[in-house]
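Note: the block below is input_15.cif and it holds mmCIF, C-alpha atoms.
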data_input
#
loop_
_atom_site.label_atom_id
_atom_site.label_comp_id
_atom_site.auth_asym_id
_atom_site.auth_seq_id
_atom_site.Cartn_x
_atom_site.Cartn_y
_atom_site.Cartn_z
CA MET K 291 136.40 -34.55 16.32
CA ASP K 292 135.82 -34.44 12.55
CA TYR K 293 135.96 -38.23 12.23
CA ILE K 294 133.42 -38.70 15.02
CA ILE K 295 131.03 -36.09 13.60
CA VAL K 296 131.25 -37.53 10.07
CA ILE K 297 130.50 -41.06 11.31
CA LEU K 298 127.57 -39.91 13.47
CA VAL K 299 126.11 -37.79 10.66
CA LEU K 300 126.41 -40.64 8.15
CA ILE K 301 124.72 -43.08 10.55
CA PHE K 302 121.95 -40.55 11.17
CA GLY K 303 121.47 -40.06 7.42
CA PHE K 304 121.46 -43.75 6.58
CA PHE K 305 118.71 -44.57 9.09
CA LEU K 306 116.58 -41.49 8.35
CA LYS K 307 114.35 -43.49 6.02
CA THR K 308 113.16 -45.71 8.89
CA ARG K 309 111.27 -42.73 10.36
CA TYR K 310 108.75 -42.82 7.50
CA ARG K 311 106.46 -45.83 7.78
CA ILE K 312 104.78 -45.30 4.43
CA LEU K 313 107.95 -46.40 2.65
CA SER K 314 108.05 -50.04 1.57
CA GLY K 315 111.04 -52.34 1.35
CA ASN K 316 111.48 -51.35 -2.30
CA GLU K 317 111.68 -47.67 -1.38
CA HIS K 318 114.17 -48.51 1.40
CA VAL K 319 116.44 -50.22 -1.14
CA LEU K 320 116.13 -47.22 -3.47
CA LEU K 321 116.93 -44.76 -0.68
CA ASP K 322 119.95 -46.82 0.41
CA GLN K 323 121.29 -46.57 -3.14
CA LEU K 324 120.52 -42.86 -3.26
CA PHE K 325 122.22 -42.32 0.09
CA PHE K 326 125.54 -43.77 -1.07
CA TYR K 327 125.23 -42.02 -4.44
CA HIS K 328 124.48 -38.68 -2.78
CA MET K 329 127.36 -39.01 -0.33
CA ILE K 330 129.72 -39.73 -3.22
CA MET K 331 128.44 -36.50 -4.78
CA SER K 332 129.21 -34.69 -1.52
CA PHE K 333 132.80 -35.93 -1.76
CA ILE K 334 133.00 -34.86 -5.42
CA PHE K 335 131.59 -31.45 -4.45
CA PHE K 336 134.28 -31.16 -1.77
CA LEU K 337 137.04 -31.99 -4.28
CA TYR K 338 135.62 -29.67 -6.94
CA ILE K 339 135.37 -26.68 -4.59
CA SER K 340 138.71 -27.41 -2.95
CA PHE K 341 140.58 -27.36 -6.27
CA ASP K 342 138.50 -24.91 -8.28
CA GLY K 343 137.26 -22.57 -5.55
CA GLY K 344 133.78 -21.24 -4.93
CA ASP K 345 131.42 -19.54 -2.51
CA ALA K 346 131.08 -22.71 -0.44
CA THR K 347 134.49 -22.36 1.23
CA ASN K 348 133.73 -18.74 2.06
CA TYR K 349 130.41 -19.75 3.65
CA TRP K 350 132.30 -22.20 5.86
CA PHE K 351 135.49 -20.37 6.81
CA PHE K 352 134.33 -16.74 6.88
CA PRO K 353 132.43 -17.16 10.21
CA ARG K 354 135.78 -17.83 11.92
CA LYS K 355 136.66 -14.16 11.46
CA TYR K 356 133.77 -13.07 13.68
CA GLU K 357 132.68 -13.42 17.23
CA PHE K 358 129.10 -14.48 17.87
CA ASP K 359 128.15 -11.02 19.19
CA GLN K 360 129.51 -9.35 16.06
CA LEU K 361 127.48 -11.56 13.72
CA TRP K 362 124.36 -11.11 15.79
CA GLU K 363 124.78 -7.33 15.80
CA ILE K 364 125.16 -7.25 12.01
CA LEU K 365 122.06 -9.39 11.47
CA SER K 366 119.91 -7.59 14.04
CA SER K 367 120.81 -4.20 12.52
CA GLY K 368 119.68 -5.36 9.09
CA LYS K 369 123.00 -4.36 7.49
CA GLY K 370 124.15 -7.83 6.59
CA SER K 371 123.52 -9.54 3.25
CA PRO K 372 121.69 -12.90 3.09
CA SER K 373 125.11 -14.56 3.17
CA TYR K 374 125.53 -13.41 6.77
CA TYR K 375 122.63 -15.63 7.79
CA LEU K 376 124.59 -18.55 6.36
CA TYR K 377 127.69 -17.42 8.28
CA PHE K 378 125.52 -17.34 11.41
CA LEU K 379 124.20 -20.84 10.69
CA ASN K 380 127.71 -22.20 10.14
CA TYR K 381 129.22 -20.40 13.13
CA PHE K 382 128.83 -23.25 15.61
CA PRO K 383 130.16 -26.15 13.48
CA SER K 384 132.87 -24.07 11.79
CA LYS K 385 134.25 -21.89 14.59
CA VAL K 386 133.07 -23.40 17.87
CA LEU K 387 133.65 -27.05 16.89
CA ASN K 388 136.43 -26.11 14.44
CA LEU K 389 135.21 -28.68 11.92
CA GLU K 390 136.85 -28.95 8.50
CA PHE K 391 135.19 -28.04 5.22
CA PHE K 392 134.89 -31.74 4.30
CA THR K 393 132.80 -32.35 7.42
CA GLY K 394 130.62 -29.40 6.48
CA CYS K 395 130.02 -30.93 3.04
CA ILE K 396 128.96 -34.21 4.66
CA ILE K 397 126.55 -32.40 7.02
CA TYR K 398 125.00 -30.44 4.17
CA GLY K 399 125.01 -33.55 1.99
CA VAL K 400 122.90 -35.46 4.52
CA LEU K 401 120.54 -32.46 4.66
CA GLY K 402 120.16 -32.64 0.87
CA TYR K 403 119.56 -36.39 1.09
CA TRP K 404 116.86 -35.73 3.71
CA GLY K 405 115.18 -33.52 1.11
CA ILE K 406 115.25 -36.45 -1.33
CA ILE K 407 113.53 -38.62 1.30
CA PHE K 408 110.84 -35.95 1.63
CA MET K 409 110.41 -36.05 -2.13
CA VAL K 410 110.05 -39.84 -2.29
CA VAL K 411 107.56 -39.80 0.62
CA SER K 412 105.54 -37.05 -1.10
CA LEU K 413 105.45 -39.08 -4.30
CA LYS K 414 104.39 -42.22 -2.42
CA GLU K 415 101.60 -40.34 -0.62
CA ASN K 416 100.24 -39.03 -3.92
CA ILE K 417 100.98 -42.12 -6.06
CA PRO K 418 100.30 -45.33 -4.08
CA LEU K 419 101.62 -47.52 -6.93
CA LEU K 420 104.84 -45.53 -7.16
CA HIS K 421 107.17 -48.53 -7.21
CA HIS K 422 105.42 -49.98 -10.26
CA LEU K 423 106.32 -46.94 -12.36
CA LYS K 424 109.59 -48.75 -13.06
CA HIS K 425 107.64 -50.52 -15.83
CA PHE K 426 107.24 -47.19 -17.63
CA LYS K 427 110.27 -46.82 -19.91
CA VAL K 428 111.42 -44.42 -22.61
CA LEU K 429 114.03 -45.89 -24.99
CA ASN K 430 114.21 -48.85 -22.60
CA PHE K 431 115.16 -46.49 -19.75
CA PRO K 432 113.00 -46.67 -16.61
CA ILE K 433 112.06 -43.05 -15.93
CA TYR K 434 111.37 -43.83 -12.29
CA PRO K 435 113.54 -44.21 -10.34
CA GLY K 436 116.17 -43.43 -12.97
CA ILE K 437 115.68 -39.67 -12.75
CA PHE K 438 116.79 -39.76 -9.11
CA PHE K 439 120.31 -40.71 -10.22
CA LEU K 440 120.99 -37.81 -12.57
CA PRO K 441 124.26 -36.19 -11.41
CA ASN K 442 123.50 -32.44 -11.42
CA PHE K 443 120.39 -33.13 -9.41
CA HIS K 444 122.62 -34.35 -6.57
CA PHE K 445 125.73 -32.23 -7.04
CA TRP K 446 124.07 -28.90 -6.21
CA SER K 447 122.26 -30.34 -3.20
CA ALA K 448 125.27 -32.10 -1.68
CA GLY K 449 127.57 -29.34 -0.45
CA VAL K 450 127.85 -26.29 1.77
CA GLY K 451 125.76 -23.41 0.45
CA LYS K 452 122.39 -21.82 -0.13
CA ASP K 453 121.46 -24.25 -2.90
CA THR K 454 121.39 -27.26 -0.57
CA LEU K 455 119.40 -25.36 2.08
CA LEU K 456 116.81 -24.15 -0.42
CA PHE K 457 116.56 -27.59 -2.02
CA PHE K 458 115.83 -29.05 1.42
CA CYS K 459 113.26 -26.31 2.16
CA VAL K 460 111.35 -26.88 -1.08
CA CYS K 461 111.21 -30.66 -0.54
CA ALA K 462 110.18 -30.21 3.11
CA PHE K 463 107.54 -27.62 2.18
CA ILE K 464 105.83 -30.03 -0.21
CA TYR K 465 106.13 -32.85 2.33
CA VAL K 466 104.42 -30.74 5.02
CA LEU K 467 101.53 -29.83 2.74
CA ASN K 468 100.65 -33.51 2.34
CA ASN K 469 99.62 -33.57 6.02
CA VAL K 470 99.66 -30.09 7.54
CA LYS K 471 97.89 -31.11 10.77
CA LYS K 472 100.67 -33.47 11.81
CA ARG K 473 103.67 -31.71 10.21
CA TRP K 474 102.93 -28.00 10.65
CA PHE K 475 105.88 -27.47 13.03
CA ILE K 476 108.31 -28.19 10.17
CA PHE K 477 107.13 -24.92 8.62
CA ILE K 478 109.09 -22.99 11.27
CA PRO K 479 112.65 -23.88 10.10
CA ILE K 480 111.50 -23.81 6.45
CA PHE K 481 110.16 -20.29 6.85
CA LEU K 482 113.20 -19.00 8.76
CA ILE K 483 115.75 -20.41 6.31
CA SER K 484 113.89 -19.41 3.15
CA TYR K 485 112.89 -15.97 4.39
CA THR K 486 116.41 -15.03 5.45
CA ILE K 487 118.37 -16.53 2.55
CA ARG K 488 116.11 -16.27 -0.52
CA PRO K 489 112.71 -14.77 0.34
CA HIS K 490 111.61 -14.78 -3.29
CA ILE K 491 111.64 -18.61 -3.27
CA LEU K 492 109.35 -18.60 -0.26
CA LEU K 493 107.06 -16.17 -2.09
CA PHE K 494 107.00 -18.42 -5.18
CA LEU K 495 106.18 -21.46 -3.01
CA ALA K 496 103.38 -19.64 -1.21
CA ALA K 497 101.95 -18.25 -4.46
CA GLY K 498 102.05 -21.56 -6.35
CA PHE K 499 100.52 -23.79 -3.69
CA PHE K 500 98.05 -21.19 -2.44
CA ALA K 501 96.76 -20.71 -5.99
CA SER K 502 96.50 -24.48 -6.36
CA PHE K 503 94.56 -24.78 -3.10
CA ILE K 504 92.11 -22.09 -4.19
CA LEU K 505 91.60 -23.60 -7.63
CA LYS K 506 91.09 -27.12 -6.26
CA SER K 507 88.88 -26.17 -3.31
CA ARG K 508 85.09 -26.36 -3.40
CA LEU K 509 84.57 -23.03 -1.69
CA LEU K 510 82.12 -20.46 -3.03
CA ILE K 511 83.44 -17.54 -5.05
CA PHE K 512 82.92 -14.99 -2.27
CA GLN K 513 84.71 -17.31 0.20
CA LYS K 514 87.65 -17.63 -2.16
CA SER K 515 87.71 -13.85 -2.60
CA ILE K 516 87.90 -13.30 1.16
CA ILE K 517 90.72 -15.85 1.54
CA ILE K 518 92.66 -14.27 -1.35
CA GLY K 519 92.28 -10.83 0.21
CA ILE K 520 93.54 -12.03 3.60
CA ALA K 521 96.47 -13.85 1.97
CA PHE K 522 97.40 -10.76 -0.04
CA VAL K 523 97.55 -8.62 3.09
CA ALA K 524 99.48 -11.30 4.97
CA PHE K 525 102.13 -11.62 2.27
CA LEU K 526 102.66 -7.91 1.63
CA PRO K 527 105.60 -7.82 4.09
CA LEU K 528 107.16 -10.74 2.23
CA LEU K 529 106.77 -8.88 -1.08
CA ASP K 530 108.49 -5.83 0.43
CA ASN K 531 111.35 -8.08 1.56
CA VAL K 532 111.66 -9.57 -1.93
CA LEU K 533 111.80 -6.11 -3.51
CA ALA K 534 114.43 -5.05 -0.98
CA PHE K 535 116.37 -8.24 -1.70
CA ALA K 536 116.31 -7.40 -5.41
CA GLN K 537 117.05 -3.73 -4.63
CA MET K 538 113.94 -2.47 -6.42
CA ASP K 539 111.84 0.43 -5.21
CA GLU K 540 108.45 -0.78 -6.40
CA ALA K 541 106.75 -3.73 -8.03
CA SER K 542 106.36 -2.18 -11.47
CA VAL K 543 107.10 -3.51 -14.95
CA ASP K 544 109.91 -0.98 -15.43
CA SER K 545 111.53 -1.97 -12.12
CA PHE K 546 111.48 -5.66 -12.98
CA THR K 547 112.82 -4.97 -16.48
CA GLU K 548 115.66 -2.85 -15.12
CA PHE K 549 116.50 -5.48 -12.50
CA SER K 550 116.54 -8.26 -15.12
CA GLU K 551 118.82 -6.34 -17.47
CA THR K 552 121.21 -5.37 -14.66
CA LYS K 553 121.34 -8.90 -13.22
CA SER K 554 121.88 -10.45 -16.63
CA GLY K 555 124.73 -8.07 -17.39
CA HIS K 556 126.47 -8.75 -14.06
CA LEU K 557 126.27 -12.51 -14.49
CA SER K 558 127.58 -12.31 -18.06
CA ARG K 559 130.67 -10.45 -16.88
CA ARG K 560 131.35 -12.79 -13.95
CA ALA K 561 131.83 -16.00 -15.94
CA GLY K 562 132.90 -17.16 -19.35
CA SER K 563 129.90 -19.43 -19.90
CA GLY K 564 127.52 -16.53 -20.35
CA ILE K 565 124.96 -16.53 -23.14
CA ASP K 566 123.30 -13.46 -24.55
CA ILE K 567 119.59 -13.83 -23.82
CA SER K 568 118.73 -10.14 -23.88
CA GLY K 569 117.85 -10.31 -27.58
CA LEU K 570 115.78 -13.49 -27.28
CA PRO K 571 111.98 -13.38 -27.13
CA TYR K 572 110.67 -13.94 -23.62
CA PRO K 573 109.36 -17.51 -24.33
CA LEU K 574 112.85 -18.52 -25.51
CA GLN K 575 114.35 -17.00 -22.36
CA VAL K 576 112.06 -19.24 -20.31
CA LEU K 577 113.03 -22.31 -22.36
CA THR K 578 116.70 -21.38 -21.91
CA PHE K 579 116.26 -21.36 -18.15
CA LEU K 580 114.40 -24.67 -18.09
CA TYR K 581 116.31 -26.79 -20.60
CA ARG K 582 119.70 -25.34 -21.50
CA PRO K 583 122.55 -26.09 -21.86
CA LEU K 584 121.86 -28.47 -24.72
CA PHE K 585 124.47 -30.22 -26.82
CA PHE K 586 125.25 -27.17 -28.95
CA ASP K 587 125.91 -25.15 -25.75
CA ALA K 588 128.25 -27.67 -24.12
CA PRO K 589 131.79 -26.25 -23.79
CA ASN K 590 133.25 -29.38 -22.12
CA VAL K 591 132.49 -32.85 -20.73
CA LEU K 592 130.52 -31.44 -17.78
CA GLY K 593 128.45 -29.45 -20.26
CA LEU K 594 127.71 -32.62 -22.23
CA MET K 595 126.57 -34.38 -19.04
CA ALA K 596 124.28 -31.47 -18.22
CA SER K 597 122.94 -31.60 -21.80
CA VAL K 598 121.95 -35.25 -21.45
CA GLU K 599 120.17 -34.41 -18.21
CA ASN K 600 118.32 -31.50 -19.80
CA VAL K 601 117.15 -33.69 -22.68
CA ILE K 602 115.58 -36.00 -20.08
CA TRP K 603 113.83 -33.06 -18.39
CA LEU K 604 112.60 -31.89 -21.80
CA THR K 605 111.34 -35.38 -22.67
CA LEU K 606 109.47 -35.63 -19.36
CA THR K 607 107.87 -32.25 -20.00
CA ILE K 608 106.70 -33.31 -23.47
CA VAL K 609 105.26 -36.57 -22.09
CA PHE K 610 103.43 -34.63 -19.40
CA LEU K 611 102.00 -32.01 -21.80
CA ARG K 612 100.86 -34.68 -24.26
CA ASN K 613 99.04 -36.57 -21.54
CA LYS K 614 96.10 -34.17 -20.94
CA PRO K 615 97.62 -32.16 -18.06
CA ILE K 616 94.28 -30.46 -17.27
CA HIS K 617 92.75 -33.89 -16.67
CA ILE K 618 95.70 -34.83 -14.44
CA PHE K 619 95.30 -31.67 -12.34
CA LYS K 620 91.57 -32.33 -11.93
CA ASN K 621 92.07 -35.90 -10.74
CA THR K 622 95.04 -35.46 -8.42
CA SER K 623 95.64 -33.55 -5.20
CA TYR K 624 96.45 -29.87 -5.09
CA ILE K 625 100.07 -30.87 -4.39
CA ILE K 626 100.54 -31.86 -8.04
CA LEU K 627 99.04 -28.65 -9.40
CA GLY K 628 100.91 -26.58 -6.80
CA SER K 629 104.20 -28.18 -7.82
CA PHE K 630 103.54 -27.27 -11.43
CA LEU K 631 102.61 -23.67 -10.59
CA PHE K 632 105.69 -23.21 -8.39
CA TRP K 633 107.89 -24.57 -11.18
CA ILE K 634 106.39 -22.33 -13.85
CA ILE K 635 106.36 -19.23 -11.61
CA GLY K 636 110.05 -19.75 -10.88
CA ALA K 637 110.87 -20.15 -14.57
CA LEU K 638 108.92 -17.04 -15.56
CA ALA K 639 110.58 -14.97 -12.83
CA PHE K 640 114.17 -16.16 -13.24
CA ALA K 641 114.36 -16.50 -17.02
CA PRO K 642 115.18 -12.87 -17.92
CA SER K 643 117.75 -12.39 -15.14
CA LEU K 644 120.18 -15.28 -15.70
CA SER K 645 122.67 -15.47 -18.56
CA ASN K 646 125.32 -17.83 -17.17
CA LEU K 647 124.71 -21.52 -17.84
CA GLY K 648 126.37 -22.67 -14.62
CA ILE K 649 124.27 -20.34 -12.51
CA ILE K 650 121.14 -21.34 -14.45
CA ILE K 651 121.75 -25.00 -13.51
CA ARG K 652 122.24 -24.07 -9.85
CA GLN K 653 119.15 -21.86 -9.64
CA ARG K 654 117.01 -24.37 -11.53
CA ASN K 655 117.91 -27.08 -9.02
CA MET K 656 115.60 -25.47 -6.43
CA PHE K 657 112.63 -26.08 -8.74
CA LEU K 658 113.51 -29.67 -9.73
CA PRO K 659 111.77 -31.32 -6.72
CA ALA K 660 108.47 -29.73 -7.78
CA PHE K 661 109.10 -30.65 -11.42
CA ILE K 662 109.83 -34.28 -10.57
CA ILE K 663 106.70 -34.56 -8.45
CA PHE K 664 104.25 -33.37 -11.09
CA ALA K 665 106.13 -35.07 -13.96
CA VAL K 666 106.16 -38.47 -12.22
CA ALA K 667 102.48 -38.01 -11.34
CA GLY K 668 101.88 -37.39 -15.04
CA LEU K 669 103.52 -40.73 -15.88
CA ALA K 670 101.09 -42.46 -13.52
CA TYR K 671 98.21 -41.10 -15.62
CA THR K 672 99.47 -42.25 -19.01
CA ASN K 673 97.41 -44.89 -20.81
CA LYS K 674 100.35 -47.28 -20.63
CA PHE K 675 100.52 -47.15 -16.86
CA LYS K 676 96.74 -47.22 -16.45
CA LYS K 677 96.68 -50.57 -18.22
CA PHE K 678 99.33 -51.89 -15.87
CA GLU K 679 97.52 -50.41 -12.88
CA TRP K 680 94.33 -52.22 -13.92
CA PHE K 681 96.32 -55.44 -14.41
CA TYR K 682 97.96 -55.03 -10.99
CA TYR K 683 94.67 -54.62 -9.16
CA ILE K 684 93.13 -57.61 -10.93
CA LYS K 685 96.11 -59.78 -10.00
CA LYS K 686 96.05 -58.52 -6.44
CA MET K 687 92.34 -59.38 -6.12
CA GLU K 688 93.01 -62.85 -7.52
CA TRP K 689 95.91 -63.34 -5.11
CA ASP K 690 93.82 -62.20 -2.12
CA LYS K 691 90.99 -64.51 -3.19
CA ASN K 692 93.34 -67.50 -3.54
CA LYS K 693 94.91 -66.72 -0.17
CA GLN K 694 91.49 -66.54 1.48
CA ASN K 695 90.44 -69.86 -0.12
CA ALA K 696 93.67 -71.48 1.11
CA ILE K 697 92.99 -70.27 4.66
CA GLN K 698 89.45 -71.66 4.53
CA ASP K 699 90.68 -75.00 3.16
CA ASN K 700 93.23 -75.28 5.97
CA SER K 701 90.52 -74.54 8.51
CA VAL K 702 88.28 -77.26 7.12
CA ILE K 703 91.11 -79.79 7.16
CA HIS K 704 91.98 -78.84 10.74
CA GLU K 705 88.35 -79.23 11.90
CA GLU K 706 88.01 -82.66 10.20
CA SER K 707 91.20 -83.89 11.80
#
Spit out the file's structure as structure tokens when you get a sec.
Amino acid sequence: MDYIIVILVLIFGFFLKTRYRILSGNEHVLLDQLFFYHMIMSFIFFLYISFDGGDATNYWFFPRKYEFDQLWEILSSGKGSPSYYLYFLNYFPSKVLNLEFFTGCIIYGVLGYWGIIFMVVSLKENIPLLHHLKHFKVLNFPIYPGIFFLPNFHFWSAGVGKDTLLFFCVCAFIYVLNNVKKRWFIFIPIFLISYTIRPHILLFLAAGFFASFILKSRLLIFQKSIIIGIAFVAFLPLLDNVLAFAQMDEASVDSFTEFSETKSGHLSRRAGSGIDISGLPYPLQVLTFLYRPLFFDAPNVLGLMASVENVIWLTLTIVFLRNKPIHIFKNTSYIILGSFLFWIIGALAFAPSLSNLGIIIRQRNMFLPAFIIFAVAGLAYTNKFKKFEWFYYIKKMEWDKNKQNAIQDNSVIHEES
């Protein structure tokens, strides 16, 4: 059974790209490469968890201890933790089909790859000349599509667990917003998964893109005020759920401070890679969340690899901030601004509560799709790329003109003959 399921899932994943007509042959080649690369990461994730242990195996095998009615009763009573929703989701493939953990990693890996497809499609819809960004290089390294092959980016979205699900939800959320009229139904699974597993991520998504929509819209001030009021009332239940998830009584500064200190202390005790951020100023806490570990933090080879990746993220951020970001936000869709706001809201919220470098990398992975989208859009607005864009359009016009002249010449020759 496992062999059949793995083969079917891999075939399904490989041909997923053909569902999206906007993708060109160049994007198909890129996605084929990313598919094989991502599946290799799924296998590495399987080996890593199998030998070193982790929550992923518990998410897969724990449902076998329950009957369906027992899980449903726990969830319906509200007594179960968010992990129980993952047990419920894995119940059918793990217990009913009795699939192995490796098969589960492949299934989740294809789901993570689907999120990458959503990301590439979203970029293509917002940057028509996306493929030509390969000409933009830093230290002779093509930023696009090179950033899609960074290892941590794939590792935490290629195995069984909440990280892969939330990564998929964030990518799908942004994809839906590019064409809500045709894709609205995708919101249903996104909402259910995010709301049950990590409701605060759903709140950050809603806040970031709603704020972007309001800022970019041409509505009058009183119209915006009415919409904001309605949205606030609509999302109050979600805020209550987030506070309950964080085990806080009220949304006050003291409550958030207490939660951050408690969470940071717990994470420091759970792993040896903890760093003391409690004494750092808040801006440095945010920078720690976004860009560490760096080389001086790296305890081993994996830490060095993560450091190289973080230097790339830091370089992309600097390029974006030096390239008149306000101008970029004014001249692009609200998707770009919304991605930036979601990224910064997540960093501001998570920074004080995480002190373990491994957990920081995992949590940050949920925000990387948004970061990549607005950072790549920023590259498309650099002066270097604008010159190429102008050159490309001129050449395209010349090519079209020559093609039209050739057609006319052939017509004349045909008529004379």
### Message
Neighbouring residues of segment 631-642 of chain K were defined as those with any atom within 10 Å, considering all atoms listed in the file; residues of the same chain fewer than 6 positions away were excluded. Please report them as a ChimeraX atom specification.
### Response
/K:460,490-491,493-502,546-547,549-551,553-554,567-568,570-580,625,650,653-654,656-662,664
### Query
Using all atoms listed in the file, can you list as an NGL selection string the residues within 12 Å of (130.1, -18.5, 12.0)?
:K and (348-362 or 373-389)
### Message
I want to know what sits within 10 Å of Thr347 of chain K, based on only C-alpha atoms, with residues of the same chain fewer than 2 positions away left out; could you give that as a PyMOL selection string?
### Response
chain K and resi 336+339-340+343-345+349-352+391-392+394-395+449-451
#### Entry: the PyMOL selection byres ((chain K and resi 329) around 8) applied to the shown file, residues as a PyMOL selection string
chain K and resi 325-328+330-333+396+399-400+448
### Task
List, as a PyMOL selection string, every residue that the PyMOL selection byres ((chain K and resi 313) around 12) selects in the file provided.
chain K and resi 306-312+314-321+407-415+417-421
### Message
When you look at Ala670 of chain K with a cut-off of 9 Å (counting all atoms listed in the file), what residues show up, excluding the ones that are within fewer than 4 positions of it in the same chain? I need them as a VMD selection string.
### Response
chain K and resid 417 419 to 420 423 426 665 to 666 674 to 676 679
### Task
Between atom CA of Ile480 of chain K and atom CA of Phe458 of chain K, measure the distance and give it in Å to one decimal.
8.5 Å
### Query
From the set K:Arg488, K:Lys620, K:Leu482, K:Ser597, which residue has the shortest atom-to-atom contact distance to Ser371 of chain K, counting only C-alpha atoms?
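Smallest separation from Ser371 of chain K among the options: K:Arg488.
When atom CA of Leu492 of chain K is paired with atom CA of Ser629 of chain K, their separation reads 13.2 Å.
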### Message
To test your reading of the syntax: which residues would the PyMOL selection byres ((chain K and resi 615) around 12) return for the file shown? Reply as number ranges by chain.
### Response
K: 607-614, 616-622, 626-627, 630, 664-665, 667-672
### Distance in Å - atom CA of His444 of chain K versus atom CA of Phe335 of chain K
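Here the two named atoms are 9.7 Å from each other.
Once all atoms listed in the file are considered, the residues situated within 10 Å of the file point (133.2, -36.0, 12.1) turn out to be Met291, Asp292, Tyr293, Ile294, Ile295, Val296, Ile297, Leu298, Val299, Leu300, Leu389, Glu390, Phe392, Thr393, Gly394, Ile396 and Ile397 of chain K.
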### Query
Which of these residues is nearest to Thr605 of chain K, using all atoms listed in the file: K:Ile478, K:Cys459, K:Leu505, K:Ile437?
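Once distances to Thr605 of chain K are computed over all atoms listed in the file, the minimum belongs to K:Ile437.
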### Task
Compare K:Thr486, K:Asn442, K:Ser507, K:Ser366 by their minimum atom-to-atom distance to Leu455 of chain K, counting all atoms listed in the file, and give me the closest one.
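For Leu455 of chain K, the nearest of the given residues is K:Thr486.
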### Query
Restricting the calculation to all atoms listed in the file, which member of K:Leu324, K:Val470, K:Leu440, K:Ile334 is positioned closest to Ile602 of chain K?
K:Leu440
